[in-house]
Number of protein chains: 2
Amino acid sequence: MTERGVERPAPRVVLDAMGGDHAPRAAVRGAVMAIADGIDVVLVGRRDLLDEELTAAGVSSPRPLVLHSDDVVEMGEEPARALRTKRDASIRMAVRMVAAGDADAVVSAGSTGATLAAALLELGRIEGIRRPAVGVVIPLDRGTQLVLVDAGASPDVQPDAIASYAVMGSAYASALAIEAPRVGLLNVGREAGKGNELARQAYEVLRATDGFVGNVEPGGALSGDVDVVVTDGFTGNIFLKTVEALATASPAAATRPPAPGGPGAAALLGVRGDVLVAHGAAREAEIAAALHTAAEVAAAGLSERLAERLAVGEDARLGT
Amino acid sequence: MTERGVERPAPRVVLDAMGGDHAPRAAVRGAVMAIADGIDVVLVGRRDLLDEELTAAGVSSPRPLVLHSDDVVEMGEEPARALRTKRDASIRMAVRMVAAGDADAVVSAGSTGATLAAALLELGRIEGIRRPAVGVVIPLDRGTQLVLVDAGASPDVQPDAIASYAVMGSAYASALAIEAPRVGLLNVGREAGKGNELARQAYEVLRATDGFVGNVEPGGALSGDVDVVVTDGFTGNIFLKTVEALATASPAAATRPPAPGGPGAAALLGVRGDVLVAHGAAREAEIAAALHTAAEVAAAGLSERLAERLAVGEDARLGT
């Protein structure tokens with residue numbers, strides 16, 4: 001669909017194999033699963049550990065490409081600070097491959113903060129975006145999907161940031177083949193004037209946004225009344241975690257097929273490249289699902305779509 | 001347990017029969033159900049309409065006591081303003097019965113804003129409370145319960161208000177026979193320092209609070225890690241509405257018995273009397289459940305317990 005998509009029909013996805021609670025084992029096994037499905041995956045991490053895991057997983061030649069990285073962001077290190085000095089930390093190396101054009105998308109199950117820091121250092125922000133955000137796709141009944149932005153990148157924001165989330169969320173929904181996405185502001189009531197100060201101000205800024213249909217309550221958002229729901233990162237993360245906590249108890253969740261970008265992988269929106277974050281607790285199946293999502297998102301050219309939208313006139317309204 | 005409880009073993013509950021989407025029919029039929037269960041219910045509303053509904057419900061003598069009220073808060077009226085002039089609106093008359101000692105608790109399915117306004121006008125705040133809050137009991141699996149404060153009274157608050165919600169929520173939990181309630185702050189992570197500015201500041205104020213166990217994520221709160229979860233009224237209402245939207249899809253929700261104070265009835269905490277708010281969309285069964293809850297809460301002396309707690313030294317800390 002994009003130029004890049006035409007040139008390179010099978011997107012290459014680079015995986016930070018050192019990120020996540022179950023790394024590197026879950027990363028390596030997830031990569032092996034995705035490769036078996038035809039995804040082109042490159043692993044970044046400590047060669048000795050990854051080779052050991054590949055052997056344990058029964059993978060002989062040809063082995064997937066492994067790029068060696070010695071450095072990791074340690075538990076307890078402040079990610080942005082640590083990454084500034086650790087230029088060859090696995091997550092920075094992985095993102096740098098996308099920046100250099102050597103890969104089309106990156107996946108990490110490491111901390112969102114570290115991945116965002118690496119993305120800002122190596123890729124930078126899309127022009128017109130002040131704050132990148134996390135977009136998560138929540139699979140609903142009957143195969144429909146809900147894009148949530150911001151799912152947790154920025155807990156404290158100004159109203160115009162939430163308006164920019166509408167543009168980002170629409171671009172994400174379009175990349176997932178949702179046409180003319182309807183955007184709602186997550187709120188405690190549907191009427192204008194509802195909510196806290198931030199929501200009321202965001203509503204006013206959002207009025208001018210393409211596809212904005214007004215406030216939406218949690219029940220409406222989860223019933224498919226909108227395709228995209230926007231809110232600040234604190235409220236969005238509470239909403240997402242409440243859905244995750246209860247979704248496993250739902251009969252629909254147990255029987256429906258895994259949806260692209262569903263629980264387990266989130267997109268960093270607003271950086272100049274396609275960056276996916278898997279759950280820290282992701283096991284191999286979720287890593288494999290995140291690699292699939294990354295390949296789809298890269299094929300659709302998510303970050304390029306977003307940059308194009310902003311370039312055709314949205315930027316002025318976003319206060320840049 | 002309280003003096004009032006000893007003197008009056010069967011609490012009298014007054015119902016604003018004009019409040020709610022399905023009033024007065026749902027109110028009258030719910031009252032008839034609760035009366036059949038032995039609850040002492042008084043109805044306030046337009047006598048002609050209530051008599052008609054009682055006849056339609058097949059209730060002959062002895063009929064429940066009906067107190068006539070001509071005035072209602074109309075749709076679109078700002079409740080606090082309307083109630084200041086409409087002294088004999090049904091919700092004000094109902095609350096006034098509690099203020100006068102003629103009834104022990106009040107239930108309304110009218111708007112929370114109108115009920116709160118009536119409660120502030122007729123009962124006033126408990127000393128030491130700056131902002132009343134809404135406490136909702138969420139029934140969990142295995143018969144356990146979670147008390148959520150604030151479920152939606154005040155969307156924008158200061159950190160010390162959230163600390164006062166911990167005291168209110170503990171009193172509510174105690175009235176529901178939960179011993180030594182554990183209180184958590186609803187947050188996006190368990191570690192100190194997580195969350196938005198408001199949550200981080202509230203955490204610091206809460207440190208000194210009896211029973212405070214730290215931050216709790218939505219999944220932890222819904223798994224019974226705490227008995228009481230506190231947050232601002234915007235986040236609390238988003239959390240509650242998300243739970244409500246998904247709870248009906250849960251197998252546990254379909255099979256468990258109705259829990260006291262469960263979805264359908266919320267307590268106004270911090271006013272000098274026991275005031276319950278049922279869902280605006282409540283049907284007769286939910287009205288009956290709310291009347292049961294009101295009788296239980298009144299028997300336990302909820303507002304008296306809270307006033308006692310605040311009188312024994314909590315008030316200094318709450319900044320009064």
# chains A, B, ... in the order shown; residues from 1 in each chain; ligands from 1

$ closest_atom_pairs --of "chain B" --to "chain A" --cutoff "8 Å" --atoms "only C-alpha atoms" --output "JSON lines"
{"residue": "B:Pro155", "atom": "CA", "partner": "A:Asn196", "partner_atom": "CA", "distance": 4.8}
{"residue": "B:Asp156", "atom": "CA", "partner": "A:Asn196", "partner_atom": "CA", "distance": 5.6}
{"residue": "B:Asn187", "atom": "CA", "partner": "A:Ile238", "partner_atom": "CA", "distance": 7.0}
{"residue": "B:Val188", "atom": "CA", "partner": "A:Ile238", "partner_atom": "CA", "distance": 6.0}
{"residue": "B:Gly195", "atom": "CA", "partner": "A:Pro155", "partner_atom": "CA", "distance": 6.4}
{"residue": "B:Asn196", "atom": "CA", "partner": "A:Pro155", "partner_atom": "CA", "distance": 4.8}
{"residue": "B:Glu197", "atom": "CA", "partner": "A:Asp156", "partner_atom": "CA", "distance": 6.8}
{"residue": "B:Glu217", "atom": "CA", "partner": "A:Lys241", "partner_atom": "CA", "distance": 7.5}
{"residue": "B:Pro218", "atom": "CA", "partner": "A:Thr242", "partner_atom": "CA", "distance": 5.1}
{"residue": "B:Gly219", "atom": "CA", "partner": "A:Ala245", "partner_atom": "CA", "distance": 4.8}
{"residue": "B:Leu222", "atom": "CA", "partner": "A:Ala245", "partner_atom": "CA", "distance": 7.5}
{"residue": "B:Phe234", "atom": "CA", "partner": "A:Asn196", "partner_atom": "CA", "distance": 6.2}
{"residue": "B:Thr235", "atom": "CA", "partner": "A:Thr235", "partner_atom": "CA", "distance": 6.2}
{"residue": "B:Asn237", "atom": "CA", "partner": "A:Val188", "partner_atom": "CA", "distance": 6.3}
{"residue": "B:Ile238", "atom": "CA", "partner": "A:Val188", "partner_atom": "CA", "distance": 6.0}
{"residue": "B:Phe239", "atom": "CA", "partner": "A:Phe239", "partner_atom": "CA", "distance": 6.4}
{"residue": "B:Lys241", "atom": "CA", "partner": "A:Pro218", "partner_atom": "CA", "distance": 5.9}
{"residue": "B:Thr242", "atom": "CA", "partner": "A:Pro218", "partner_atom": "CA", "distance": 5.1}
{"residue": "B:Val243", "atom": "CA", "partner": "A:Thr242", "partner_atom": "CA", "distance": 7.0}
{"residue": "B:Glu244", "atom": "CA", "partner": "A:Gly219", "partner_atom": "CA", "distance": 7.7}
{"residue": "B:Ala245", "atom": "CA", "partner": "A:Gly219", "partner_atom": "CA", "distance": 4.8}
{"residue": "B:Leu246", "atom": "CA", "partner": "A:Leu246", "partner_atom": "CA", "distance": 6.7}
{"residue": "B:Ala247", "atom": "CA", "partner": "A:Leu246", "partner_atom": "CA", "distance": 7.5}
{"residue": "B:Ala249", "atom": "CA", "partner": "A:Ser250", "partner_atom": "CA", "distance": 5.3}
{"residue": "B:Ser250", "atom": "CA", "partner": "A:Ser250", "partner_atom": "CA", "distance": 4.7}
{"residue": "B:Pro251", "atom": "CA", "partner": "A:Ser250", "partner_atom": "CA", "distance": 6.9}
{"residue": "B:Ala252", "atom": "CA", "partner": "A:Ala249", "partner_atom": "CA", "distance": 7.9}

$ write_last_selection --atoms "N, CA and C atoms" --output "short mmCIF file (atom, residue, chain, number, x, y, z; two decimals), in the first residue's frame"
data_model
loop_
_atom_site.label_atom_id
_atom_site.label_comp_id
_atom_site.auth_asym_id
_atom_site.auth_seq_id
_atom_site.Cartn_x
_atom_site.Cartn_y
_atom_site.Cartn_z
N PRO B 155 -15.53 14.77 40.10
CA PRO B 155 -14.54 14.40 39.09
C PRO B 155 -13.17 15.06 39.30
N ASP B 156 -13.14 16.23 39.91
CA ASP B 156 -11.85 16.92 40.12
C ASP B 156 -11.66 17.18 41.61
N ASN B 187 -4.50 2.47 40.94
CA ASN B 187 -3.38 3.03 40.21
C ASN B 187 -2.97 2.11 39.06
N VAL B 188 -2.05 2.59 38.22
CA VAL B 188 -1.62 1.85 37.04
C VAL B 188 -0.47 0.90 37.34
N GLY B 195 1.69 6.39 38.55
CA GLY B 195 0.44 7.11 38.36
C GLY B 195 0.60 8.53 37.89
N ASN B 196 -0.53 9.24 37.84
CA ASN B 196 -0.48 10.65 37.48
C ASN B 196 -0.17 11.47 38.73
N GLU B 197 -0.04 12.77 38.53
CA GLU B 197 0.33 13.67 39.62
C GLU B 197 -0.63 13.52 40.83
N GLU B 217 -3.74 -2.24 41.38
CA GLU B 217 -4.17 -2.17 39.99
C GLU B 217 -5.61 -2.71 39.87
N PRO B 218 -6.28 -2.38 38.77
CA PRO B 218 -7.66 -2.88 38.63
C PRO B 218 -7.79 -4.39 38.84
N GLY B 219 -6.85 -5.16 38.28
CA GLY B 219 -6.93 -6.61 38.43
C GLY B 219 -6.81 -7.05 39.88
N LEU B 222 -10.02 -6.24 41.77
CA LEU B 222 -11.11 -7.14 41.40
C LEU B 222 -10.84 -8.59 41.81
N PHE B 234 -13.71 10.79 38.79
CA PHE B 234 -13.69 10.54 37.34
C PHE B 234 -13.16 9.14 37.07
N THR B 235 -11.97 8.86 37.62
CA THR B 235 -11.36 7.54 37.42
C THR B 235 -12.25 6.45 38.01
N ASN B 237 -15.48 6.45 38.38
CA ASN B 237 -16.68 6.21 37.58
C ASN B 237 -16.35 5.46 36.29
N ILE B 238 -15.20 5.77 35.69
CA ILE B 238 -14.75 5.02 34.49
C ILE B 238 -14.53 3.55 34.88
N PHE B 239 -13.86 3.33 36.01
CA PHE B 239 -13.60 1.96 36.50
C PHE B 239 -14.92 1.23 36.73
N LYS B 241 -17.95 1.85 35.56
CA LYS B 241 -18.74 1.62 34.34
C LYS B 241 -18.11 0.54 33.47
N THR B 242 -16.77 0.43 33.51
CA THR B 242 -16.11 -0.64 32.75
C THR B 242 -16.46 -1.99 33.37
N VAL B 243 -16.43 -2.06 34.70
CA VAL B 243 -16.79 -3.30 35.39
C VAL B 243 -18.24 -3.66 35.09
N GLU B 244 -19.12 -2.66 35.16
CA GLU B 244 -20.55 -2.93 34.88
C GLU B 244 -20.76 -3.44 33.47
N ALA B 245 -20.02 -2.83 32.51
CA ALA B 245 -20.19 -3.23 31.11
C ALA B 245 -19.76 -4.67 30.89
N LEU B 246 -18.73 -5.11 31.62
CA LEU B 246 -18.18 -6.44 31.40
C LEU B 246 -18.71 -7.49 32.37
N ALA B 247 -19.24 -7.04 33.51
CA ALA B 247 -19.68 -7.99 34.54
C ALA B 247 -20.82 -8.87 34.04
N ALA B 249 -21.13 -10.02 31.21
CA ALA B 249 -20.60 -11.06 30.33
C ALA B 249 -19.89 -12.17 31.10
N SER B 250 -19.71 -11.97 32.43
CA SER B 250 -18.95 -12.92 33.22
C SER B 250 -19.84 -14.04 33.76
N PRO B 251 -19.37 -15.27 33.67
CA PRO B 251 -20.18 -16.37 34.18
C PRO B 251 -20.47 -16.23 35.67
N ALA B 252 -19.49 -15.69 36.41
CA ALA B 252 -19.68 -15.51 37.85
C ALA B 252 -20.86 -14.58 38.12
#

$ select_by_dssp --residues "segment 114-278 of chain B" --states "alpha helix (DSSP H)" --output "ChimeraX atom specification"
/B:114-122,159-175,197-206,218-222,233-247,251-255

$ closest_atom_pairs --of "segment 67-145 of chain B" --to "segment 38-47 of chain B" --cutoff "12 Å" --atoms "only C-alpha atoms" --output "CSV"
residue,atom,partner,partner_atom,distance
B:Leu67,CA,B:Val44,CA,4.8
B:His68,CA,B:Arg47,CA,5.2
B:Ser69,CA,B:Gly45,CA,4.7
B:Asp70,CA,B:Arg46,CA,5.6
B:Asp71,CA,B:Arg46,CA,8.2
B:Val72,CA,B:Gly45,CA,8.6
B:Val73,CA,B:Gly45,CA,11.8
B:Asp88,CA,B:Gly45,CA,9.9
B:Ala89,CA,B:Gly45,CA,8.4
B:Ser90,CA,B:Gly45,CA,5.5
B:Ile91,CA,B:Val44,CA,7.9
B:Arg92,CA,B:Val44,CA,9.7
B:Met93,CA,B:Val44,CA,7.3
B:Ala94,CA,B:Val44,CA,6.3
B:Val95,CA,B:Val44,CA,10.0
B:Arg96,CA,B:Val44,CA,11.0
B:Met97,CA,B:Val42,CA,9.8
B:Val98,CA,B:Val42,CA,11.4
B:Asp102,CA,B:Val42,CA,10.1
B:Ala103,CA,B:Val42,CA,8.4
B:Asp104,CA,B:Asp40,CA,10.1
B:Ala105,CA,B:Val41,CA,9.8
B:Val106,CA,B:Val42,CA,9.4
B:Val107,CA,B:Leu43,CA,9.9
B:Ser108,CA,B:Val44,CA,10.2

$ write_last_selection --atoms "N, CA and C atoms" --output "PDB file, in the first residue's frame"
ATOM      1  N   LEU B  67     -46.414   9.741  51.383  1.00  0.00           N
ATOM      2  CA  LEU B  67     -46.416  11.168  51.685  1.00  0.00           C
ATOM      3  C   LEU B  67     -46.455  11.922  50.367  1.00  0.00           C
ATOM      4  N   HIS B  68     -47.401  12.842  50.264  1.00  0.00           N
ATOM      5  CA  HIS B  68     -47.595  13.532  48.993  1.00  0.00           C
ATOM      6  C   HIS B  68     -46.546  14.615  48.750  1.00  0.00           C
ATOM      7  N   SER B  69     -46.012  14.619  47.535  1.00  0.00           N
ATOM      8  CA  SER B  69     -45.127  15.696  47.094  1.00  0.00           C
ATOM      9  C   SER B  69     -45.514  16.074  45.682  1.00  0.00           C
ATOM     10  N   ASP B  70     -45.639  17.357  45.460  1.00  0.00           N
ATOM     11  CA  ASP B  70     -46.122  17.866  44.180  1.00  0.00           C
ATOM     12  C   ASP B  70     -44.970  18.200  43.246  1.00  0.00           C
ATOM     13  N   ASP B  71     -43.850  18.582  43.837  1.00  0.00           N
ATOM     14  CA  ASP B  71     -42.741  19.143  43.068  1.00  0.00           C
ATOM     15  C   ASP B  71     -41.763  18.062  42.651  1.00  0.00           C
ATOM     16  N   VAL B  72     -41.253  18.192  41.452  1.00  0.00           N
ATOM     17  CA  VAL B  72     -40.128  17.342  41.053  1.00  0.00           C
ATOM     18  C   VAL B  72     -39.059  18.210  40.400  1.00  0.00           C
ATOM     19  N   VAL B  73     -37.816  17.703  40.414  1.00  0.00           N
ATOM     20  CA  VAL B  73     -36.752  18.363  39.666  1.00  0.00           C
ATOM     21  C   VAL B  73     -36.908  17.909  38.218  1.00  0.00           C
ATOM     22  N   ASP B  88     -40.234  21.351  48.613  1.00  0.00           N
ATOM     23  CA  ASP B  88     -41.061  20.149  48.733  1.00  0.00           C
ATOM     24  C   ASP B  88     -40.947  19.212  47.525  1.00  0.00           C
ATOM     25  N   ALA B  89     -39.837  19.316  46.823  1.00  0.00           N
ATOM     26  CA  ALA B  89     -39.555  18.297  45.806  1.00  0.00           C
ATOM     27  C   ALA B  89     -39.456  16.955  46.516  1.00  0.00           C
ATOM     28  N   SER B  90     -39.830  15.890  45.801  1.00  0.00           N
ATOM     29  CA  SER B  90     -39.921  14.573  46.452  1.00  0.00           C
ATOM     30  C   SER B  90     -38.593  14.166  47.100  1.00  0.00           C
ATOM     31  N   ILE B  91     -37.463  14.421  46.438  1.00  0.00           N
ATOM     32  CA  ILE B  91     -36.193  13.990  47.010  1.00  0.00           C
ATOM     33  C   ILE B  91     -35.856  14.789  48.284  1.00  0.00           C
ATOM     34  N   ARG B  92     -36.200  16.088  48.291  1.00  0.00           N
ATOM     35  CA  ARG B  92     -35.934  16.880  49.512  1.00  0.00           C
ATOM     36  C   ARG B  92     -36.828  16.422  50.655  1.00  0.00           C
ATOM     37  N   MET B  93     -38.089  16.166  50.353  1.00  0.00           N
ATOM     38  CA  MET B  93     -39.004  15.696  51.406  1.00  0.00           C
ATOM     39  C   MET B  93     -38.528  14.364  51.969  1.00  0.00           C
ATOM     40  N   ALA B  94     -38.079  13.488  51.073  1.00  0.00           N
ATOM     41  CA  ALA B  94     -37.625  12.161  51.510  1.00  0.00           C
ATOM     42  C   ALA B  94     -36.414  12.293  52.432  1.00  0.00           C
ATOM     43  N   VAL B  95     -35.443  13.098  52.024  1.00  0.00           N
ATOM     44  CA  VAL B  95     -34.246  13.272  52.852  1.00  0.00           C
ATOM     45  C   VAL B  95     -34.608  13.954  54.171  1.00  0.00           C
ATOM     46  N   ARG B  96     -35.571  14.881  54.117  1.00  0.00           N
ATOM     47  CA  ARG B  96     -35.952  15.606  55.330  1.00  0.00           C
ATOM     48  C   ARG B  96     -36.525  14.659  56.385  1.00  0.00           C
ATOM     49  N   MET B  97     -37.177  13.599  55.948  1.00  0.00           N
ATOM     50  CA  MET B  97     -37.697  12.616  56.922  1.00  0.00           C
ATOM     51  C   MET B  97     -36.557  11.992  57.727  1.00  0.00           C
ATOM     52  N   VAL B  98     -35.424  11.754  57.058  1.00  0.00           N
ATOM     53  CA  VAL B  98     -34.259  11.210  57.764  1.00  0.00           C
ATOM     54  C   VAL B  98     -33.683  12.269  58.704  1.00  0.00           C
ATOM     55  N   ASP B 102     -37.642  10.765  61.310  1.00  0.00           N
ATOM     56  CA  ASP B 102     -38.858  10.016  60.988  1.00  0.00           C
ATOM     57  C   ASP B 102     -38.563   8.765  60.163  1.00  0.00           C
ATOM     58  N   ALA B 103     -37.375   8.697  59.598  1.00  0.00           N
ATOM     59  CA  ALA B 103     -36.953   7.511  58.842  1.00  0.00           C
ATOM     60  C   ALA B 103     -35.453   7.352  59.064  1.00  0.00           C
ATOM     61  N   ASP B 104     -34.929   6.155  58.767  1.00  0.00           N
ATOM     62  CA  ASP B 104     -33.534   5.851  59.073  1.00  0.00           C
ATOM     63  C   ASP B 104     -32.622   5.922  57.861  1.00  0.00           C
ATOM     64  N   ALA B 105     -33.198   5.824  56.675  1.00  0.00           N
ATOM     65  CA  ALA B 105     -32.393   5.881  55.460  1.00  0.00           C
ATOM     66  C   ALA B 105     -33.290   6.278  54.308  1.00  0.00           C
ATOM     67  N   VAL B 106     -32.676   6.805  53.253  1.00  0.00           N
ATOM     68  CA  VAL B 106     -33.433   7.231  52.088  1.00  0.00           C
ATOM     69  C   VAL B 106     -32.834   6.579  50.845  1.00  0.00           C
ATOM     70  N   VAL B 107     -33.716   6.253  49.888  1.00  0.00           N
ATOM     71  CA  VAL B 107     -33.288   5.689  48.601  1.00  0.00           C
ATOM     72  C   VAL B 107     -33.894   6.525  47.486  1.00  0.00           C
ATOM     73  N   SER B 108     -33.066   6.834  46.462  1.00  0.00           N
ATOM     74  CA  SER B 108     -33.595   7.478  45.262  1.00  0.00           C
ATOM     75  C   SER B 108     -32.907   6.915  44.038  1.00  0.00           C
TER      76      SER B 108
END

$ closest_residue --among "A:Ala31, A:Leu269, A:Ala17, A:Leu302" --to "Ala177 of chain A" --atoms "only C-alpha atoms"
A:Leu302

$ closest_residue --among "B:Pro24, B:Gly211, B:Gly193, B:Pro64" --to "Asp48 of chain B" --atoms "only C-alpha atoms"
B:Pro24
